[in-house]
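Read through the structure below, which is laid out as structure tokens, and then see the notes.
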Amino acid sequence: MVGDSSIPRTETHRTKRPRRATATGAALLAILLATLVVAAAAAPRTAAAPSLFDLQKEAKRTRAEMAGLQSDLQSVGQKLAEAQQKLDAVNQRLVRSRIDLKRSENALDLQREILAKRAATLYKTGGLDWLDVISSMQSFSDLDVIRSMEQAIAEQDRRSENEAQRLTRQSRILERQVEKDHTDAVAAAQEVQNQQIELDQKLAERTAILQDVTKRIKKILASGGLGAALRMAKDGQFTQLTWAQALLVAMRLPVTADNVAAITAWEMAEGGHWYNTAYYNPLNTTQDMPGATVFNSVGVKAYTSWKQGLEATVKTLKNGYYDAIIEALRRGNDAAGVAQAVGNSPWGTGDFSRLL
């Protein structure tokens with residue numbers, strides 16, 4: 001509103017009295033002023049209660065974060081399942097490798113036992129010693145046969161022992177490798193589990209935040225009234241969407257998607273405030289209020305504030321001529337029904353269903 005410029009301004013003239021301020025007094029005054037400035041700057045400011053607009057915005061942001069965490073949690077769950085499958089496979093390999101190692105060690109022990117018995121047999125067979133064997137030979141060719149047989153048996157035994165040793169070494173190497181794979185698989189599974197725990201904690205935190213914000217939103221909506229409606233404004237200003245929500249809150253009507261859509265379309269059909277100079281009067285009501293000015297020949301008002309405009313709109317809707325509109329809004333599930341109720345009322349907008 002433009003101030004009245006016809007009111008004359010007056011100035012008060014005072015007789016100047018010469019006064020000589022001492023340097024000490026001036027210094028003290030400067031220190032006092034500086035102290036007051038610092039104290040004022042350091043004084044804590046009372047934080048304003050968040051508006052319904054801010055709470056709804058925070059709830060939307062929290063839901064988006066929760067959706068992202070759920071997606072991450074699902075991905076981590078798949079990774080954990082894969083890690084568990086890999087760990088199970090490695091555990092099976094580890095069991096098989098230990099069985100193979102035990103079998104190889106047993107085979108090696110058996111081969112060495114055979115060698116020991118055979119060595120004893122070569123030197124003593126059926127109670128006969130080498131002296132008996134030599135005395136029973138008929139020629140040196142018999143000795144060559146015995147020595148050849150002995151060498152062949154010894155060579156075969158060496159090959160068998162070497163093969164047993166090779167298999168044992170190979171089994172031990174395989175077991176060590178599988179044990180390393182097992183350690184790596186356990187570490188990988190644990191890391192994924194830690195990620196899952198962290199995501200679960202974050203999701204629980206966001207859930208608690210959302211529950212708190214939702215509780216505060218419900219409290220504001222349940223309390224209703226003009227004060228609750230005005231707290232929906234962002235930085236003291238409304239948009240067509242938030243004003244529609246605020247009007248519903250002010251009238252304690254359901255804040256549903258259908259109701260918000262209906263009132264927003266109604267604002268567009270009337271064109272108040274955002275499309276003309278009927279300030280703070282989106283539905284172009286003619287309700288008289290203190291300080292309001294006339295916008296047009298029909299008597300549409302331009303109000304002095306959002307508070308006054310909301311109050312005037314609520315008064316108009318509750319004056320007894322628009323009960324059908326209120327009833328349609330109370331149902332909260334039929335935007336077209338609200339538009340038709342407005343069209344059938346004396347408001348003058350007409351049916352704005354085309355805008356829905």
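In the structure tokens, chains take the letters A, B, ... in the order shown, each chain's residues start at 1, and ligands count up from 1 in the order shown.
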
Closest-contact table, range 178-273 of chain A side, partner range 328-341 of chain A, 10 Å, counting only C-alpha atoms, as a Markdown table:
```
| residue | atom | partner | partner_atom | distance |
| --- | --- | --- | --- | --- |
| A:Leu248 | CA | A:Leu329 | CA | 8.4 |
| A:Met251 | CA | A:Arg330 | CA | 9.8 |
| A:Arg252 | CA | A:Arg330 | CA | 8.9 |
| A:Leu253 | CA | A:Arg330 | CA | 5.6 |
| A:Pro254 | CA | A:Gly332 | CA | 5.9 |
| A:Val255 | CA | A:Gly332 | CA | 7.5 |
| A:Thr256 | CA | A:Gly332 | CA | 5.9 |
| A:Ala257 | CA | A:Asn333 | CA | 7.9 |
| A:Asp258 | CA | A:Ala335 | CA | 4.7 |
| A:Asn259 | CA | A:Gly332 | CA | 5.5 |
| A:Val260 | CA | A:Ala335 | CA | 8.2 |
| A:Ala261 | CA | A:Ala335 | CA | 6.5 |
| A:Ala262 | CA | A:Ala335 | CA | 4.8 |
| A:Ile263 | CA | A:Val338 | CA | 8.3 |
| A:Ala265 | CA | A:Ala339 | CA | 8.4 |
| A:Trp266 | CA | A:Ala339 | CA | 7.5 |
```

| Contacts of range 195-198 of chain A at 12 Å or less, counting only C-alpha atoms, minus same-chain residues fewer than 3 places along, as a PyMOL selection string? | chain A and resi 69-81+188-192+201-205

Non-local contacts of range 314-316 of chain A (12 Å; only C-alpha atoms; under 4 positions in same chain excluded) as a compact mmCIF listing (two decimals) with C-alpha atoms, in the first residue's frame:
```txt
# COMPACT_ATOMS: atom_id res chain seq x y z
CA GLY A 225 -7.12 -22.63 11.26
CA LEU A 226 -5.69 -19.51 9.76
CA ALA A 229 -2.54 -22.10 6.94
CA ALA A 244 -4.81 -24.02 -2.33
CA ALA A 246 -3.48 -23.34 2.89
CA LEU A 247 -7.16 -22.64 2.16
CA LEU A 248 -8.01 -26.28 2.85
CA VAL A 249 -6.03 -26.21 6.10
CA ALA A 250 -7.68 -22.93 7.15
CA MET A 251 -11.11 -24.52 6.63
CA ARG A 252 -10.07 -27.87 8.17
CA LEU A 253 -10.87 -29.72 4.97
CA ASN A 281 -7.36 -12.61 -3.43
CA LEU A 283 -10.56 -16.48 -5.97
CA ASN A 284 -11.67 -12.84 -6.51
CA THR A 285 -14.01 -12.73 -3.53
CA THR A 286 -15.94 -9.51 -2.75
CA GLN A 287 -15.84 -9.97 1.03
CA ASP A 288 -15.24 -6.61 2.67
CA MET A 289 -12.29 -6.39 5.06
CA LYS A 307 -3.69 -13.37 6.17
CA GLN A 308 -6.52 -11.00 5.33
CA GLY A 309 -7.11 -12.58 1.93
CA LEU A 310 -7.33 -16.09 3.39
CA GLY A 320 -24.19 -20.10 3.81
CA TYR A 321 -24.32 -19.84 0.01
CA TYR A 322 -21.54 -22.30 -0.74
CA ASP A 323 -22.28 -25.35 1.39
CA ILE A 325 -18.75 -26.52 -2.50
CA ILE A 326 -17.64 -27.24 1.08
CA PRO A 346 -23.68 -17.98 -7.09
CA TRP A 347 -19.89 -17.43 -6.96
```

| task | Determine which residues of range 129-327 of chain A DSSP labels as alpha helix (DSSP H) from the backbone of this structure, then write them out as a VMD selection string. | result | chain A and resid 130 to 136 140 to 223 225 to 230 240 to 250 257 to 270 306 to 317 323 to 327

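Distance-wise, CA of Thr313 in chain A and CA of Asp235 in chain A end up 21.4 Å apart.
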
| query | How many Å separate CA of Asp54 in chain A from CA of Arg216 in chain A? | reply |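 Taking CA of Asp54 in chain A as the start and CA of Arg216 in chain A as the end point, the length is 11.1 Å.
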
| For the atom pair CA of Asn194 in chain A and CA of Leu94 in chain A, what is the interatomic distance in Å to one decimal place? |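 Pair CA of Asn194 in chain A / CA of Leu94 in chain A returns 24.9 Å.
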
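Proximity of A:Arg176, A:Lys215, A:Leu115, A:Trp306 to Met232 in chain A, computed with only C-alpha atoms, is greatest for A:Trp306.
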